[in-house]
Every structure is written in C-alpha cells, then in structure tokens.
$ cat final20.cif   # mmCIF, C-alpha atoms; chains and numbers go by the auth columns
data_data
loop_
_atom_site.group_PDB
_atom_site.id
_atom_site.type_symbol
_atom_site.label_atom_id
_atom_site.label_comp_id
_atom_site.label_asym_id
_atom_site.label_seq_id
_atom_site.Cartn_x
_atom_site.Cartn_y
_atom_site.Cartn_z
_atom_site.B_iso_or_equiv
_atom_site.auth_seq_id
_atom_site.auth_asym_id
ATOM 1 C CA MET A 1 -0.062 -9.838 38.755 0.00 63 A
ATOM 2 C CA GLU A 2 1.689 -9.036 35.499 0.00 64 A
ATOM 3 C CA ILE A 3 1.064 -8.524 31.794 0.00 65 A
ATOM 4 C CA SER A 4 1.275 -11.793 29.884 0.00 66 A
ATOM 5 C CA THR A 5 3.543 -12.249 26.925 0.00 67 A
ATOM 6 C CA ILE A 6 2.281 -12.654 23.390 0.00 68 A
ATOM 7 C CA SER A 7 4.069 -13.418 20.141 0.00 69 A
ATOM 8 C CA VAL A 8 3.643 -9.979 18.606 0.00 70 A
ATOM 9 C CA GLY A 9 6.102 -10.921 15.854 0.00 71 A
ATOM 10 C CA ARG A 10 3.598 -13.447 14.498 0.00 72 A
ATOM 11 C CA MET A 11 0.759 -10.960 14.088 0.00 73 A
ATOM 12 C CA ASN A 12 -0.187 -9.793 10.624 0.00 74 A
ATOM 13 C CA ASN A 13 0.641 -6.181 9.842 0.00 75 A
ATOM 14 C CA GLY A 14 -2.752 -4.645 10.521 0.00 76 A
ATOM 15 C CA ALA A 15 -3.271 -6.502 13.794 0.00 77 A
ATOM 16 C CA HIS A 16 0.255 -5.687 14.951 0.00 78 A
ATOM 17 C CA TYR A 17 -0.280 -1.971 14.457 0.00 79 A
ATOM 18 C CA LEU A 18 -3.754 -1.974 16.034 0.00 80 A
ATOM 19 C CA TYR A 19 -2.598 -3.976 19.045 0.00 81 A
ATOM 20 C CA ASN A 20 0.138 -1.463 19.835 0.00 82 A
ATOM 21 C CA VAL A 21 -2.040 1.585 19.189 0.00 83 A
ATOM 22 C CA ASP A 22 -4.674 0.281 21.585 0.00 84 A
ATOM 23 C CA PHE A 23 -2.131 -0.617 24.259 0.00 85 A
ATOM 24 C CA TYR A 24 -0.543 2.810 24.071 0.00 86 A
ATOM 25 C CA SER A 25 -3.969 4.488 24.228 0.00 87 A
ATOM 26 C CA ARG A 26 -4.859 2.399 27.277 0.00 88 A
ATOM 27 C CA ILE A 27 -1.703 3.565 29.051 0.00 89 A
ATOM 28 C CA ASP A 28 -2.137 7.156 27.908 0.00 90 A
ATOM 29 C CA ALA A 29 -5.632 7.230 29.437 0.00 91 A
ATOM 30 C CA ASP A 30 -4.343 5.963 32.793 0.00 92 A
ATOM 31 C CA THR A 31 -2.687 9.074 34.209 0.00 93 A
ATOM 32 C CA ALA A 32 -1.199 7.367 37.241 0.00 94 A
ATOM 33 C CA VAL A 33 0.477 4.596 35.275 0.00 95 A
ATOM 34 C CA LYS A 34 1.510 6.943 32.474 0.00 96 A
ATOM 35 C CA GLY A 35 3.450 9.054 34.962 0.00 97 A
ATOM 36 C CA LYS A 36 5.547 6.019 35.883 0.00 98 A
ATOM 37 C CA LEU A 37 6.602 5.339 32.284 0.00 99 A
ATOM 38 C CA THR A 38 8.115 8.634 31.187 0.00 100 A
ATOM 39 C CA GLU A 39 11.409 6.937 30.325 0.00 101 A
ATOM 40 C CA VAL A 40 9.947 4.487 27.832 0.00 102 A
ATOM 41 C CA LEU A 41 6.526 5.732 26.689 0.00 103 A
ATOM 42 C CA PRO A 42 7.661 8.513 24.274 0.00 104 A
ATOM 43 C CA ALA A 43 9.891 6.064 22.391 0.00 105 A
ATOM 44 C CA TYR A 44 7.000 3.601 22.176 0.00 106 A
ATOM 45 C CA LYS A 45 4.708 6.261 20.716 0.00 107 A
ATOM 46 C CA GLN A 46 7.345 7.287 18.174 0.00 108 A
ATOM 47 C CA ALA A 47 7.884 3.688 17.120 0.00 109 A
ATOM 48 C CA ILE A 48 4.135 3.230 16.594 0.00 110 A
ATOM 49 C CA ASP A 49 3.967 6.410 14.509 0.00 111 A
ATOM 50 C CA ASN A 50 6.904 5.249 12.380 0.00 112 A
ATOM 51 C CA GLU A 51 5.219 1.887 11.867 0.00 113 A
ATOM 52 C CA ASP A 52 2.038 3.638 10.758 0.00 114 A
ATOM 53 C CA ILE A 53 3.965 5.538 8.081 0.00 115 A
ATOM 54 C CA ALA A 54 5.748 2.407 6.873 0.00 116 A
ATOM 55 C CA LEU A 55 2.489 0.447 6.858 0.00 117 A
ATOM 56 C CA LYS A 56 0.749 3.013 4.669 0.00 118 A
ATOM 57 C CA ILE A 57 3.633 3.043 2.193 0.00 119 A
ATOM 58 C CA SER A 58 3.779 -0.738 2.087 0.00 120 A
ATOM 59 C CA GLN A 59 0.048 -1.316 1.710 0.00 121 A
ATOM 60 C CA LYS A 60 -0.429 0.596 -1.476 0.00 122 A
ATOM 61 C CA SER A 61 1.402 3.011 -3.711 0.00 123 A
ATOM 62 C CA LEU A 62 -0.600 6.091 -4.591 0.00 124 A
ATOM 63 C CA ASN A 63 1.250 5.965 -7.897 0.00 125 A
ATOM 64 C CA SER A 64 -0.655 2.796 -8.746 0.00 126 A
ATOM 65 C CA ASP A 65 -3.941 4.692 -8.711 0.00 127 A
ATOM 66 C CA LYS A 66 -2.504 7.345 -11.011 0.00 128 A
ATOM 67 C CA ILE A 67 -1.083 4.745 -13.380 0.00 129 A
ATOM 68 C CA ASP A 68 -4.465 3.059 -13.572 0.00 130 A
ATOM 69 C CA GLU A 69 -6.221 6.383 -14.157 0.00 131 A
ATOM 70 C CA TYR A 70 -3.977 7.503 -17.021 0.00 132 A
ATOM 71 C CA ASP A 71 -3.744 4.024 -18.512 0.00 133 A
ATOM 72 C CA LYS A 72 -7.526 3.912 -18.867 0.00 134 A
ATOM 73 C CA GLN A 73 -7.487 7.422 -20.259 0.00 135 A
ATOM 74 C CA ARG A 74 -4.913 6.640 -22.941 0.00 136 A
ATOM 75 C CA ASP A 75 -6.713 3.407 -23.857 0.00 137 A
ATOM 76 C CA THR A 76 -9.950 5.327 -24.400 0.00 138 A
ATOM 77 C CA LEU A 77 -8.190 7.949 -26.507 0.00 139 A
ATOM 78 C CA PHE A 78 -6.345 5.408 -28.630 0.00 140 A
ATOM 79 C CA MET A 79 -9.534 3.438 -29.302 0.00 141 A
ATOM 80 C CA ALA A 80 -11.291 6.695 -30.179 0.00 142 A
ATOM 81 C CA ILE A 81 -8.575 7.523 -32.713 0.00 143 A
ATOM 82 C CA LYS A 82 -8.929 4.064 -34.264 0.00 144 A
ATOM 83 C CA SER A 83 -12.690 4.466 -34.524 0.00 145 A
ATOM 84 C CA VAL A 84 -12.487 7.937 -36.063 0.00 146 A
ATOM 85 C CA VAL A 85 -9.899 6.784 -38.591 0.00 147 A
ATOM 86 C CA LYS A 86 -11.916 3.726 -39.595 0.00 148 A
ATOM 87 C CA ALA A 87 -15.070 5.787 -39.971 0.00 149 A
ATOM 88 C CA GLN A 88 -13.335 8.299 -42.227 0.00 150 A
ATOM 89 C CA MET A 89 -12.155 5.555 -44.557 0.00 151 A
ATOM 90 C CA PHE A 90 -15.749 5.492 -45.814 0.00 152 A
ATOM 91 C CA VAL A 91 -15.920 9.222 -46.482 0.00 153 A
ATOM 92 C CA ALA A 92 -16.417 10.112 -50.151 0.00 154 A
ATOM 93 C CA ASP A 93 -13.700 12.787 -50.123 0.00 155 A
ATOM 94 C CA GLN A 94 -10.680 11.070 -51.689 0.00 156 A
ATOM 95 C CA GLU A 95 -8.058 13.029 -49.725 0.00 157 A
ATOM 96 C CA ILE A 96 -9.692 12.198 -46.402 0.00 158 A
ATOM 97 C CA HIS A 97 -10.130 8.572 -47.462 0.00 159 A
ATOM 98 C CA THR A 98 -6.436 8.324 -48.388 0.00 160 A
ATOM 99 C CA ALA A 99 -5.300 9.984 -45.172 0.00 161 A
ATOM 100 C CA ALA A 100 -7.476 7.672 -43.132 0.00 162 A
ATOM 101 C CA ALA A 101 -6.184 4.605 -44.970 0.00 163 A
ATOM 102 C CA MET A 102 -2.564 5.621 -44.301 0.00 164 A
ATOM 103 C CA VAL A 103 -3.106 6.236 -40.592 0.00 165 A
ATOM 104 C CA ASN A 104 -5.164 3.068 -40.256 0.00 166 A
ATOM 105 C CA GLN A 105 -2.349 1.038 -41.802 0.00 167 A
ATOM 106 C CA LEU A 106 0.145 2.575 -39.396 0.00 168 A
ATOM 107 C CA ILE A 107 -2.032 1.596 -36.446 0.00 169 A
ATOM 108 C CA LYS A 108 -2.447 -1.939 -37.788 0.00 170 A
ATOM 109 C CA ASP A 109 1.304 -2.314 -38.286 0.00 171 A
ATOM 110 C CA TYR A 110 2.039 -1.603 -34.631 0.00 172 A
ATOM 111 C CA LYS A 111 -0.479 -4.226 -33.431 0.00 173 A
ATOM 112 C CA LEU A 112 -1.006 -2.420 -30.155 0.00 174 A
ATOM 113 C CA ASN A 113 -3.237 -4.222 -27.662 0.00 175 A
ATOM 114 C CA VAL A 114 -4.606 -1.887 -25.000 0.00 176 A
ATOM 115 C CA ARG A 115 -5.105 -4.914 -22.729 0.00 177 A
ATOM 116 C CA GLY A 116 -1.499 -5.967 -23.090 0.00 178 A
ATOM 117 C CA GLN A 117 1.458 -5.499 -20.766 0.00 179 A
ATOM 118 C CA LEU A 118 1.632 -1.945 -19.403 0.00 180 A
ATOM 119 C CA ASP A 119 5.222 -1.072 -20.312 0.00 181 A
ATOM 120 C CA LYS A 120 4.930 -2.639 -23.760 0.00 182 A
ATOM 121 C CA GLU A 121 1.901 -0.480 -24.491 0.00 183 A
ATOM 122 C CA THR A 122 3.750 2.590 -23.254 0.00 184 A
ATOM 123 C CA GLY A 123 6.669 1.917 -25.585 0.00 185 A
ATOM 124 C CA LEU A 124 4.475 1.241 -28.604 0.00 186 A
ATOM 125 C CA LEU A 125 2.507 4.418 -27.999 0.00 187 A
ATOM 126 C CA VAL A 126 5.716 6.451 -27.832 0.00 188 A
ATOM 127 C CA ASN A 127 6.573 5.234 -31.332 0.00 189 A
ATOM 128 C CA ILE A 128 3.052 5.582 -32.724 0.00 190 A
ATOM 129 C CA ILE A 129 2.710 9.112 -31.384 0.00 191 A
ATOM 130 C CA TYR A 130 6.105 10.050 -32.801 0.00 192 A
ATOM 131 C CA ASP A 131 5.106 8.792 -36.259 0.00 193 A
ATOM 132 C CA LEU A 132 1.755 10.552 -36.133 0.00 194 A
ATOM 133 C CA GLU A 133 3.361 13.824 -35.054 0.00 195 A
ATOM 134 C CA ASN A 134 6.031 13.680 -37.750 0.00 196 A
ATOM 135 C CA LYS A 135 5.586 11.321 -40.706 0.00 197 A
ATOM 136 C CA TYR A 136 1.803 11.606 -40.690 0.00 198 A
ATOM 137 C CA ALA A 137 1.322 15.106 -39.315 0.00 199 A
ATOM 138 C CA ALA A 138 -0.558 16.277 -42.431 0.00 200 A
ATOM 139 C CA GLU A 139 -2.882 13.277 -42.331 0.00 201 A
ATOM 140 C CA VAL A 140 -3.549 13.731 -38.617 0.00 202 A
ATOM 141 C CA HIS A 141 -4.518 17.353 -39.219 0.00 203 A
ATOM 142 C CA LYS A 142 -6.698 16.474 -42.205 0.00 204 A
ATOM 143 C CA LEU A 143 -8.564 13.891 -40.143 0.00 205 A
ATOM 144 C CA GLY A 144 -9.050 16.276 -37.220 0.00 206 A
ATOM 145 C CA LEU A 145 -7.039 14.139 -34.818 0.00 207 A
ATOM 146 C CA ASP A 146 -4.768 16.862 -33.421 0.00 208 A
ATOM 147 C CA LEU A 147 -6.544 17.203 -30.059 0.00 209 A
ATOM 148 C CA PHE A 148 -6.897 13.433 -29.678 0.00 210 A
ATOM 149 C CA LEU A 149 -3.192 13.004 -30.347 0.00 211 A
ATOM 150 C CA THR A 150 -2.168 15.762 -27.907 0.00 212 A
ATOM 151 C CA GLN A 151 -4.209 14.239 -25.100 0.00 213 A
ATOM 152 C CA LEU A 152 -2.991 10.736 -25.931 0.00 214 A
ATOM 153 C CA LYS A 153 0.593 11.926 -25.680 0.00 215 A
ATOM 154 C CA GLU A 154 -0.064 13.616 -22.325 0.00 216 A
ATOM 155 C CA SER A 155 -1.747 10.513 -20.910 0.00 217 A
ATOM 156 C CA ASN A 156 1.095 8.265 -22.044 0.00 218 A
ATOM 157 C CA LEU A 157 3.663 10.609 -20.519 0.00 219 A
ATOM 158 C CA SER A 158 1.733 10.526 -17.242 0.00 220 A
ATOM 159 C CA VAL A 159 1.784 6.723 -17.223 0.00 221 A
ATOM 160 C CA ARG A 160 5.553 6.817 -17.747 0.00 222 A
ATOM 161 C CA LYS A 161 6.025 9.375 -14.970 0.00 223 A
ATOM 162 C CA TYR A 162 4.009 7.512 -12.357 0.00 224 A
ATOM 163 C CA THR A 163 5.480 4.156 -13.376 0.00 225 A
ATOM 164 C CA ASP A 164 8.957 5.568 -12.782 0.00 226 A
ATOM 165 C CA SER A 165 7.873 6.900 -9.389 0.00 227 A
ATOM 166 C CA ARG A 166 6.446 3.537 -8.408 0.00 228 A
ATOM 167 C CA ASN A 167 9.639 1.779 -9.484 0.00 229 A
ATOM 168 C CA LYS A 168 11.653 4.121 -7.272 0.00 230 A
ATOM 169 C CA GLU A 169 9.371 3.232 -4.364 0.00 231 A
ATOM 170 C CA LEU A 170 10.078 -0.431 -4.967 0.00 232 A
ATOM 171 C CA LEU A 171 13.800 0.278 -4.868 0.00 233 A
ATOM 172 C CA ASP A 172 13.268 1.810 -1.442 0.00 234 A
ATOM 173 C CA LYS A 173 11.896 -1.585 -0.320 0.00 235 A
ATOM 174 C CA PRO A 174 8.829 -0.429 1.668 0.00 236 A
ATOM 175 C CA ASP A 175 8.221 -3.973 2.952 0.00 237 A
ATOM 176 C CA TYR A 176 11.724 -4.050 4.399 0.00 238 A
ATOM 177 C CA LYS A 177 11.136 -0.685 6.034 0.00 239 A
ATOM 178 C CA LEU A 178 7.909 -1.986 7.546 0.00 240 A
ATOM 179 C CA ALA A 179 9.702 -5.034 8.946 0.00 241 A
ATOM 180 C CA GLU A 180 12.297 -2.783 10.557 0.00 242 A
ATOM 181 C CA ALA A 181 9.574 -0.486 11.930 0.00 243 A
ATOM 182 C CA ARG A 182 7.784 -3.477 13.450 0.00 244 A
ATOM 183 C CA LYS A 183 10.981 -4.639 15.151 0.00 245 A
ATOM 184 C CA ALA A 184 11.452 -1.177 16.665 0.00 246 A
ATOM 185 C CA THR A 185 7.863 -1.180 17.927 0.00 247 A
ATOM 186 C CA ASP A 186 8.314 -4.662 19.401 0.00 248 A
ATOM 187 C CA ALA A 187 11.445 -3.602 21.254 0.00 249 A
ATOM 188 C CA ALA A 188 9.718 -0.523 22.671 0.00 250 A
ATOM 189 C CA TYR A 189 6.647 -2.571 23.596 0.00 251 A
ATOM 190 C CA GLN A 190 8.729 -5.087 25.546 0.00 252 A
ATOM 191 C CA LYS A 191 10.398 -2.272 27.497 0.00 253 A
ATOM 192 C CA VAL A 192 7.014 -0.829 28.447 0.00 254 A
ATOM 193 C CA VAL A 193 5.670 -4.226 29.523 0.00 255 A
ATOM 194 C CA ARG A 194 8.773 -5.017 31.569 0.00 256 A
ATOM 195 C CA MET A 195 8.588 -1.679 33.336 0.00 257 A
ATOM 196 C CA ILE A 196 4.895 -2.052 34.171 0.00 258 A
ATOM 197 C CA ASN A 197 5.476 -5.558 35.500 0.00 259 A
ATOM 198 C CA ALA A 198 8.488 -4.429 37.515 0.00 260 A
ATOM 199 C CA HIS A 199 6.544 -1.549 39.102 0.00 261 A
ATOM 200 C CA ALA A 200 3.699 -3.930 39.946 0.00 262 A
ATOM 201 C CA VAL A 201 6.127 -6.265 41.713 0.00 263 A
ATOM 202 C CA LEU A 202 7.998 -3.552 43.594 0.00 264 A
ATOM 203 C CA GLU A 203 5.054 -1.340 44.527 0.00 265 A
ATOM 204 C CA GLY A 204 2.200 -3.800 44.648 0.00 266 A
ATOM 205 C CA ASP A 205 -0.348 -4.141 41.905 0.00 267 A
ATOM 206 C CA ALA A 206 -3.065 -1.792 43.234 0.00 268 A
ATOM 207 C CA LEU A 207 -2.094 1.033 40.888 0.00 269 A
ATOM 208 C CA TYR A 208 -1.562 -1.249 37.890 0.00 270 A
ATOM 209 C CA LYS A 209 -4.260 -3.876 38.404 0.00 271 A
ATOM 210 C CA ASN A 210 -6.878 -2.334 36.099 0.00 272 A
ATOM 211 C CA LEU A 211 -4.466 -1.801 33.213 0.00 273 A
ATOM 212 C CA ILE A 212 -2.952 -5.274 33.569 0.00 274 A
ATOM 213 C CA MET A 213 -6.353 -6.950 33.659 0.00 275 A
ATOM 214 C CA LEU A 214 -7.545 -5.108 30.580 0.00 276 A
ATOM 215 C CA GLN A 215 -4.357 -5.848 28.680 0.00 277 A
ATOM 216 C CA ASN A 216 -4.393 -9.520 29.572 0.00 278 A
ATOM 217 C CA GLN A 217 -7.969 -9.770 28.325 0.00 279 A
ATOM 218 C CA GLU A 218 -6.824 -8.139 25.086 0.00 280 A
ATOM 219 C CA ILE A 219 -3.914 -10.554 24.821 0.00 281 A
ATOM 220 C CA VAL A 220 -6.247 -13.529 25.135 0.00 282 A
ATOM 221 C CA HIS A 221 -8.460 -11.996 22.465 0.00 283 A
ATOM 222 C CA TYR A 222 -5.548 -11.531 20.043 0.00 284 A
ATOM 223 C CA LYS A 223 -4.203 -15.007 20.712 0.00 285 A
ATOM 224 C CA GLN A 224 -7.587 -16.495 19.900 0.00 286 A
ATOM 225 C CA GLN A 225 -8.694 -14.266 17.021 0.00 287 A
ATOM 226 C CA VAL A 226 -5.425 -13.262 15.336 0.00 288 A
ATOM 227 C CA LEU A 227 -2.888 -15.956 16.212 0.00 289 A
ATOM 228 C CA LYS A 228 -5.539 -18.717 16.258 0.00 290 A
ATOM 229 C CA GLN A 229 -4.241 -20.199 19.497 0.00 291 A
ATOM 230 C CA SER A 230 -6.290 -22.200 21.985 0.00 292 A
ATOM 231 C CA VAL A 231 -6.230 -20.041 25.077 0.00 293 A
ATOM 232 C CA PRO A 232 -8.622 -20.179 28.047 0.00 294 A
ATOM 233 C CA PRO A 233 -10.557 -16.960 28.709 0.00 295 A
ATOM 234 C CA SER A 234 -8.786 -14.421 30.877 0.00 296 A
ATOM 235 C CA THR A 235 -9.811 -14.390 34.521 0.00 297 A
ATOM 236 C CA GLY A 236 -8.133 -11.082 35.115 0.00 298 A
ATOM 237 C CA GLY A 237 -4.762 -12.392 36.172 0.00 299 A
ATOM 238 C CA PRO A 238 -1.875 -13.119 33.846 0.00 300 A
ATOM 239 C CA VAL A 239 -2.157 -16.029 31.473 0.00 301 A
ATOM 240 C CA ARG A 240 1.116 -17.872 31.821 0.00 302 A
ATOM 241 C CA PRO A 241 2.649 -17.535 28.400 0.00 303 A
ATOM 242 C CA THR A 242 5.107 -19.489 26.413 0.00 304 A
ATOM 243 C CA GLU A 243 8.219 -17.729 25.236 0.00 305 A
ATOM 244 C CA PRO A 244 7.499 -15.489 22.229 0.00 306 A
ATOM 245 C CA ASP A 245 8.359 -16.963 18.853 0.00 307 A
ATOM 246 C CA PRO A 246 11.163 -15.318 16.893 0.00 308 A
ATOM 247 C CA PRO A 247 9.909 -12.528 14.608 0.00 309 A
ATOM 248 C CA THR A 248 8.823 -13.766 11.225 0.00 310 A
ATOM 249 C CA ASP A 249 8.100 -12.227 7.871 0.00 311 A
ATOM 250 C CA PRO A 250 5.455 -9.538 8.586 0.00 312 A
ATOM 251 C CA GLU A 251 3.628 -10.438 5.400 0.00 313 A
ATOM 252 C CA THR A 252 2.859 -14.009 6.483 0.00 314 A
ATOM 253 C CA PRO A 253 2.551 -14.120 10.294 0.00 315 A
ATOM 254 C CA GLY A 254 -0.696 -15.177 11.857 0.00 316 A
ATOM 255 C CA GLY A 255 -1.955 -16.689 8.638 0.00 317 A
ATOM 256 C CA GLY A 256 -3.912 -13.580 7.643 0.00 318 A
ATOM 257 C CA GLY A 257 -3.781 -10.506 5.512 0.00 319 A
ATOM 258 C CA ASP A 258 -3.234 -6.972 6.690 0.00 320 A
ATOM 259 C CA ARG A 259 -6.593 -6.643 8.398 0.00 321 A
ATOM 260 C CA PRO A 260 -6.804 -8.179 11.870 0.00 322 A
ATOM 261 C CA GLU A 261 -9.501 -10.779 12.305 0.00 323 A
ATOM 262 C CA ILE A 262 -11.013 -9.184 15.361 0.00 324 A
ATOM 263 C CA GLU A 263 -14.683 -9.301 16.175 0.00 325 A
#
$ encode --input "final20.cif" --output "structure tokens"
Amino acid sequence: MEISTISVGRMNNGAHYLYNVDFYSRIDADTAVKGKLTEVLPAYKQAIDNEDIALKISQKSLNSDKIDEYDKQRDTLFMAIKSVVKAQMFVADQEIHTAAAMVNQLIKDYKLNVRGQLDKETGLLVNIIYDLENKYAAEVHKLGLDLFLTQLKESNLSVRKYTDSRNKELLDKPDYKLAEARKATDAAYQKVVRMINAHAVLEGDALYKNLIMLQNQEIVHYKQQVLKQSVPPSTGGPVRPTEPDPPTDPETPGGGGDRPEIE
C-alpha cells in the first residue's frame, strides 16, 4: 500500500495550497506517523507557510483598495467643486460671479474626466490644484473652496502614493514568487510522500494504512473535482498513477481560478 501520485503542478493556486494544508494537517494529527517524518515534515510546513504568504500577495494588492477609496473620494470632491462654482455663477454679487466664471473656465480648459484613465486624472489634478492654489487663490477663497481644495489635494496625493506602492509590488513580481513557492512546496511534498511510502514498504503498512487510505481518497477527489480527470473511486488502496505532468503556469493549471472546485 502506498500514496498515489497526483499532478500537483497542474492544480490551480487555491486548490494547490488547500491540498497541501490538508495533507500536512492529516499527518500532524497522526502522532505515530508524524514521529517518523521529523527529517522532512518541518521543511514541508515551512514551504506551505511561504506559499500562503506568496498567495496572499499575488491574489490582491491591498494598495488597490486604497487607490479605489481615494480615487472615489477625489472624484466626489472635484465634482462638488464644479457644482459649487457653477451655482455661484448665478449669484447676483458681481465679484463672486466673476470669480466663479474664471474658475469654471479653468476647469473646462482642463477637460478632466473623472471616469478616465487613473494616472491621467492624477496628472491633470496636480496641474488644476496648482493653478487653483496659485493663479486663482483669491478666487478660490472668495468662492469658499479652500477646504474642498485642501481635501482634493490630499486625496490626489494619496492616490499617487498608493499607486507608486502598487507599482513597486509589480516590480517584485508576486506571481513569480508564488510560482517559486509552489515549486518548493511540491519538492517538500514529494519527499514526505516518498518517505511515507518507503516506511510502509520496510515496516509493513499497519502503522500507515489509515493515513494512506485517507490521502488516496483525497487524491481521487482532487483528480476528479480539480484536475477534471476520469478516475475510478478509491477503494482504499493506491490508485496506480501516471507520471506527474511537468509543472505549468500556476495561473492556468487545472482550468480554474484560484478557488478549488471542491464540493
């Protein structure tokens, strides 16, 4: 009796991580077997932990949430300034009317579209804010736009800051790091499987039978649900496997996204 092979390199990211976490947990709960794997189990656990970190970084940048938050904030503020300026163009006071007309023309000249490309909007706002703070400072004050302008500037600066941070993350190539983390996990996994199988051969399978049966059932489940292979149900013994496929791009294996299709 031995643990079957499975093409772990073809699993999507989420399934790959979950498969290894569950296998490690199964071993960790089996005190007798765990005691036989002291040479390889710590490295396997560390590899899984490293993969978890890489997976979280690759899945989503927290900077994206911040960019979205401050982008919406600056859009709201800019539209509010436009509305206030337009409204004050109808005020009877000639000085306010003139100030509003000047600021309104400035805004029209820049042709800023808050639904446009993110970086383009950021650049246009830098210039608009500069003009409003300098060339049109008196008009801004007369129209009561000082607080609006201050908050608009802060929001635009925040978008720039978090955009820069996200760009630096991209330079660190999180997907590449995840691929490397997966390879390390795969190597550690194979060592654990080989050692369990070797012990079962040399010592007899009495001590390892329960773990092997459970893992082979799990392997059948992953082959059917994740890898979409036609595999007969596990009868408890090893399902004679084909040789594992070479590792592939972790973003495309198994034909799924990052969430394992497991029922």
$ residues_around --input "final20.cif" --residues "Ser220 in chain A" --least-positions-apart "6" --cutoff "10 Å" --atoms "only C-alpha atoms" --output "JSON, numbers by chain"
{"A": [128, 129, 131, 132, 133, 136, 214, 226]}
$ residues_around --input "final20.cif" --residues "Gln277 in chain A" --least-positions-apart "3" --cutoff "8 Å" --atoms "all atoms listed in the file" --output "MDAnalysis selection string"
chainID A and resid 65 85 273:274 280:281
$ closest_residue --input "final20.cif" --among "A:Val282, A:Tyr270, A:Ser217, A:Ala94" --to "Val255 in chain A" --atoms "all atoms listed in the file"
A:Tyr270
$ closest_residue --input "final20.cif" --among "A:Val176, A:Tyr251, A:Val146, A:Lys170" --to "Asp84 in chain A" --atoms "only C-alpha atoms"
A:Tyr251
$ resolve_selection --input "final20.cif" --expression "the PyMOL selection byres ((chain A and resi 158) around 12)" --output "list of chain:residue names"
A:Val146, A:Val147, A:Lys148, A:Ala149, A:Gln150, A:Met151, A:Phe152, A:Val153, A:Ala154, A:Asp155, A:Gln156, A:Glu157, A:His159, A:Thr160, A:Ala161, A:Ala162, A:Ala163, A:Met164, A:Val165, A:Asn166, A:Ala200, A:Glu201, A:Val202, A:His203, A:Lys204, A:Leu205, A:Gly206
$ resolve_selection --input "final20.cif" --expression "the PyMOL selection byres ((chain A and resi 87) around 12)" --output "PyMOL selection string"
chain A and resi 80-86+88-93+95-96+103+106-107+110+273+277
$ atom_distance --input "final20.cif" --atom1 "CA of Gln167 in chain A" --atom2 "CA of Leu219 in chain A"
24.1 Å
$ atom_distance --input "final20.cif" --atom1 "CA of Glu242 in chain A" --atom2 "CA of Asp111 in chain A"
13.0 Å
$ closest_residue --input "final20.cif" --among "A:Tyr192, A:Phe140, A:Phe210, A:Tyr198" --to "Leu174 in chain A" --atoms "all atoms listed in the file"
A:Phe140
